[in-house]
>>> print(open('coords-v9.csv').read())   # CSV, C-alpha atoms
chain,number,residue,atom,x,y,z
A,1,MET,CA,57.2,-18.0,-18.4
A,2,LYS,CA,58.2,-14.6,-19.5
A,3,VAL,CA,58.8,-15.9,-23.1
A,4,LEU,CA,55.3,-17.4,-23.1
A,5,ILE,CA,53.8,-14.1,-22.0
A,6,GLU,CA,55.8,-12.3,-24.8
A,7,LEU,CA,54.5,-14.9,-27.3
A,8,VAL,CA,50.8,-14.4,-26.3
A,9,VAL,CA,50.9,-10.6,-26.1
A,10,SER,CA,52.7,-10.3,-29.4
A,11,PHE,CA,50.2,-12.7,-31.1
A,12,ALA,CA,47.3,-10.6,-29.8
A,13,SER,CA,48.9,-7.3,-30.9
A,14,THR,CA,49.7,-8.7,-34.4
A,15,VAL,CA,46.1,-10.0,-34.8
A,16,GLY,CA,44.7,-6.8,-33.4
A,17,PHE,CA,46.6,-4.7,-35.8
A,18,GLY,CA,45.6,-7.0,-38.6
A,19,LEU,CA,41.9,-6.5,-37.6
A,20,VAL,CA,42.4,-2.7,-37.5
A,21,THR,CA,44.0,-2.6,-40.9
A,22,ASN,CA,41.4,-4.9,-42.5
A,23,VAL,CA,43.7,-7.9,-43.2
A,24,PRO,CA,41.6,-10.8,-44.6
A,25,ARG,CA,40.4,-13.0,-41.8
A,26,ARG,CA,42.0,-16.1,-43.3
A,27,SER,CA,45.4,-14.6,-43.0
A,28,LEU,CA,45.1,-13.4,-39.4
A,29,LEU,CA,46.3,-16.7,-37.9
A,30,PRO,CA,49.4,-17.0,-40.0
A,31,ALA,CA,50.2,-13.3,-39.5
A,32,GLY,CA,49.7,-13.7,-35.8
A,33,ILE,CA,52.0,-16.7,-35.6
A,34,THR,CA,54.6,-15.0,-37.8
A,35,GLY,CA,54.5,-11.8,-35.7
A,36,SER,CA,54.6,-13.6,-32.4
A,37,LEU,CA,57.5,-15.9,-33.4
A,38,ALA,CA,59.4,-12.9,-34.7
A,39,TRP,CA,58.9,-11.0,-31.5
A,40,VAL,CA,60.0,-14.0,-29.4
A,41,ALA,CA,63.1,-14.2,-31.7
A,42,TYR,CA,63.7,-10.5,-31.1
A,43,TYR,CA,63.2,-11.0,-27.3
A,44,LEU,CA,65.6,-14.0,-27.1
A,45,VAL,CA,68.3,-12.3,-29.2
A,46,LEU,CA,67.9,-9.2,-27.1
A,47,GLN,CA,68.8,-11.2,-24.0
A,48,ILE,CA,72.1,-12.2,-25.6
A,49,ASP,CA,72.9,-9.0,-27.5
A,50,ASN,CA,71.5,-5.8,-26.0
A,51,SER,CA,71.9,-3.7,-29.1
A,52,LEU,CA,69.5,-2.3,-31.8
A,53,ILE,CA,70.8,-4.2,-34.8
A,54,LEU,CA,70.9,-7.9,-34.2
A,55,PRO,CA,67.5,-8.4,-32.5
A,56,ASN,CA,65.7,-6.4,-35.2
A,57,PHE,CA,67.7,-8.1,-38.0
A,58,THR,CA,66.9,-11.5,-36.6
A,59,ALA,CA,63.2,-10.7,-36.2
A,60,ALA,CA,63.0,-9.4,-39.8
A,61,ILE,CA,64.5,-12.6,-41.1
A,62,VAL,CA,61.9,-14.6,-39.2
A,63,ILE,CA,59.1,-12.4,-40.5
A,64,GLY,CA,60.5,-12.6,-44.0
A,65,ILE,CA,60.8,-16.4,-44.1
A,66,LEU,CA,57.6,-17.3,-42.3
A,67,GLY,CA,55.7,-14.5,-44.1
A,68,ASN,CA,56.7,-15.9,-47.5
A,69,ILE,CA,55.9,-19.4,-46.4
A,70,SER,CA,52.5,-18.3,-45.1
A,71,ALA,CA,51.8,-16.3,-48.2
A,72,VAL,CA,52.4,-19.4,-50.4
A,73,MET,CA,50.4,-21.7,-48.2
A,74,PHE,CA,47.4,-19.4,-47.7
A,75,ARG,CA,47.6,-17.9,-51.2
A,76,VAL,CA,47.7,-14.3,-50.1
A,77,PRO,CA,50.1,-11.5,-51.0
A,78,VAL,CA,53.1,-11.5,-48.7
A,79,ASN,CA,52.5,-7.9,-47.6
A,80,ILE,CA,49.2,-9.1,-45.9
A,81,ILE,CA,51.4,-11.1,-43.6
A,82,TYR,CA,54.3,-8.6,-43.3
A,83,VAL,CA,52.4,-5.5,-42.3
A,84,PRO,CA,50.7,-6.8,-39.1
A,85,SER,CA,53.8,-8.9,-38.2
A,86,LEU,CA,56.1,-5.9,-38.4
A,87,VAL,CA,54.1,-3.6,-36.2
A,88,SER,CA,55.8,-4.6,-33.0
A,89,LEU,CA,59.2,-3.8,-34.4
A,90,VAL,CA,58.6,-0.5,-36.0
A,91,PRO,CA,60.5,2.2,-34.0
A,92,GLY,CA,57.5,4.4,-33.5
A,93,GLY,CA,58.2,5.2,-29.9
A,94,ILE,CA,61.8,6.3,-30.7
A,95,LEU,CA,60.5,8.4,-33.6
A,96,TYR,CA,58.0,10.1,-31.3
A,97,LEU,CA,60.7,10.8,-28.7
A,98,GLY,CA,62.9,12.2,-31.5
A,99,MET,CA,60.3,14.5,-32.7
A,100,ARG,CA,59.4,15.6,-29.2
A,101,SER,CA,63.1,16.4,-28.5
A,102,PHE,CA,63.2,18.3,-31.8
A,103,THR,CA,60.2,20.5,-30.9
A,104,LEU,CA,61.7,21.1,-27.4
A,105,GLY,CA,65.0,22.3,-29.1
A,106,ASN,CA,67.2,19.5,-27.9
A,107,GLU,CA,69.3,18.8,-31.0
A,108,ILE,CA,71.7,16.3,-29.4
A,109,ARG,CA,69.0,14.1,-28.1
A,110,THR,CA,67.0,14.4,-31.4
A,111,GLY,CA,70.0,13.2,-33.3
A,112,GLN,CA,70.5,10.2,-31.0
A,113,TYR,CA,66.8,9.2,-31.3
A,114,MET,CA,66.8,9.6,-35.1
A,115,PHE,CA,70.0,7.7,-35.5
A,116,ASN,CA,68.5,4.8,-33.4
A,117,ALA,CA,65.3,4.8,-35.5
A,118,LEU,CA,67.4,4.8,-38.8
A,119,THR,CA,69.6,2.0,-37.4
A,120,ILE,CA,66.5,-0.1,-36.6
A,121,ALA,CA,64.9,0.6,-40.0
A,122,ILE,CA,68.1,-0.4,-41.8
A,123,ALA,CA,68.4,-3.6,-39.7
A,124,LEU,CA,64.8,-4.5,-40.6
A,125,ALA,CA,65.3,-3.8,-44.3
A,126,VAL,CA,68.5,-5.8,-44.5
A,127,GLY,CA,66.8,-8.6,-42.6
A,128,PHE,CA,64.0,-8.7,-45.1
A,129,VAL,CA,66.5,-8.8,-48.0
A,130,VAL,CA,68.3,-11.8,-46.4
A,131,ALA,CA,65.0,-13.5,-45.8
A,132,GLU,CA,64.1,-13.1,-49.4
A,133,VAL,CA,67.3,-14.7,-50.5
A,134,ILE,CA,66.8,-17.6,-48.1
A,135,PHE,CA,63.2,-18.1,-49.2
A,136,TYR,CA,64.2,-18.0,-52.9
A,137,ARG,CA,66.3,-21.2,-52.1
A,138,ILE,CA,63.5,-22.8,-50.0
A,139,LYS,CA,60.6,-22.0,-52.3
A,140,PRO,CA,61.0,-25.0,-54.8
A,141,PHE,CA,61.0,-27.5,-51.9
A,142,LEU,CA,58.0,-25.8,-50.4
A,143,LEU,CA,56.1,-25.9,-53.6
A,144,ARG,CA,56.9,-29.6,-54.2
A,145,PHE,CA,55.9,-30.3,-50.6
A,146,LEU,CA,52.5,-28.5,-51.0
A,147,ALA,CA,51.9,-30.3,-54.4
A,148,ASN,CA,52.5,-33.7,-52.7
A,149,GLN,CA,50.2,-32.8,-49.9
A,150,GLN,CA,47.4,-31.9,-52.4
A,151,GLU,CA,47.8,-35.2,-54.2
A,152,HIS,CA,47.3,-37.2,-51.0
>>> encode(input="coords-v9.csv", output="structure tokens")
Amino acid sequence: MKVLIELVVSFASTVGFGLVTNVPRRSLLPAGITGSLAWVAYYLVLQIDNSLILPNFTAAIVIGILGNISAVMFRVPVNIIYVPSLVSLVPGGILYLGMRSFTLGNEIRTGQYMFNALTIAIALAVGFVVAEVIFYRIKPFLLRFLANQQEH
């Protein structure tokens, strides 16, 4: 039940952010599905490995692969799918706490928060690179499949 709630809320937040950032209406559904499945992947991996790296890395791979597939299927730039899908994973809260600690003069806590934010950012970036490599291998099959679907 908790996973279903996570799925619905993450879908709503992804679509909501897409609306705020003026994502084309035709790409809201694929962006919402991509973002919600990525968040569920993040949530499930977090239950197994309570760290910063693996859940974010896994979610970035999901966004990267599904985002590229959606971009090809709906004929939109992949960034149109990436941006709203990624909003749930960006470490904005951690960065805020880091800057707050910095302004309050707590250097040790600032360093911890900033290190965590950097770790998440690197995990996301590496996950996107891995997803691009995987999608590069999948793309010819996807294009053939879509061409066959258009013929029928």
>>> closest_atom_pairs(input="coords-v9.csv", of="region 15-34 of chain A", to="region 75-83 of chain A", cutoff="8 Å", atoms="all atoms listed in the file", output="Markdown table")
| residue | atom | partner | partner_atom | distance |
| --- | --- | --- | --- | --- |
| A:Gly18 | CA | A:Val83 | CA | 7.9 |
| A:Val23 | CA | A:Ile80 | CA | 6.2 |
| A:Pro24 | CA | A:Ile80 | CA | 7.9 |
| A:Ser27 | CA | A:Ile81 | CA | 7.0 |
| A:Leu28 | CA | A:Ile81 | CA | 7.9 |
| A:Pro30 | CA | A:Ile81 | CA | 7.2 |
| A:Ala31 | CA | A:Ile81 | CA | 4.8 |
| A:Thr34 | CA | A:Ile81 | CA | 7.7 |
>>> atom_distance(input="coords-v9.csv", atom1="CA of Tyr42 (chain A)", atom2="CA of Lys2 (chain A)")
13.5 Å
>>> atom_distance(input="coords-v9.csv", atom1="CA of Thr103 (chain A)", atom2="CA of Ile53 (chain A)")
27.2 Å
>>> atom_distance(input="coords-v9.csv", atom1="CA of Ser85 (chain A)", atom2="CA of Gly32 (chain A)")
6.8 Å
>>> closest_residue(input="coords-v9.csv", among="A:Ser36, A:Asn68, A:Gln112, A:Asn106", to="Tyr136 (chain A)", atoms="only C-alpha atoms")
A:Asn68
>>> closest_residue(input="coords-v9.csv", among="A:Asn56, A:Asn50, A:Thr21, A:Gln149", to="Gly127 (chain A)", atoms="only C-alpha atoms")
A:Asn56
>>> residues_around(input="coords-v9.csv", residues="Asn116 (chain A)", least_positions_apart="2", cutoff="9 Å", atoms="only C-alpha atoms", output="ChimeraX atom specification")
/A:52,91,94-95,111-114,118-121
>>> closest_residue(input="coords-v9.csv", among="A:Phe145, A:Ile138, A:Leu19, A:Gln150", to="Ile65 (chain A)", atoms="only C-alpha atoms")
A:Ile138
>>> residues_near_point(input="coords-v9.csv", point="(62.1, -13.1, -44.6)", cutoff="12 Å", atoms="all atoms listed in the file", output="number ranges by chain")
A: 34-35, 38, 57-71, 78-79, 81-82, 85-86, 124-139
>>> closest_residue(input="coords-v9.csv", among="A:Leu54, A:Gly98, A:Glu107, A:Gly93", to="Ile122 (chain A)", atoms="only C-alpha atoms")
A:Leu54
>>> closest_residue(input="coords-v9.csv", among="A:Thr110, A:Thr14, A:Ser101, A:Asn22", to="Leu37 (chain A)", atoms="all atoms listed in the file")
A:Thr14
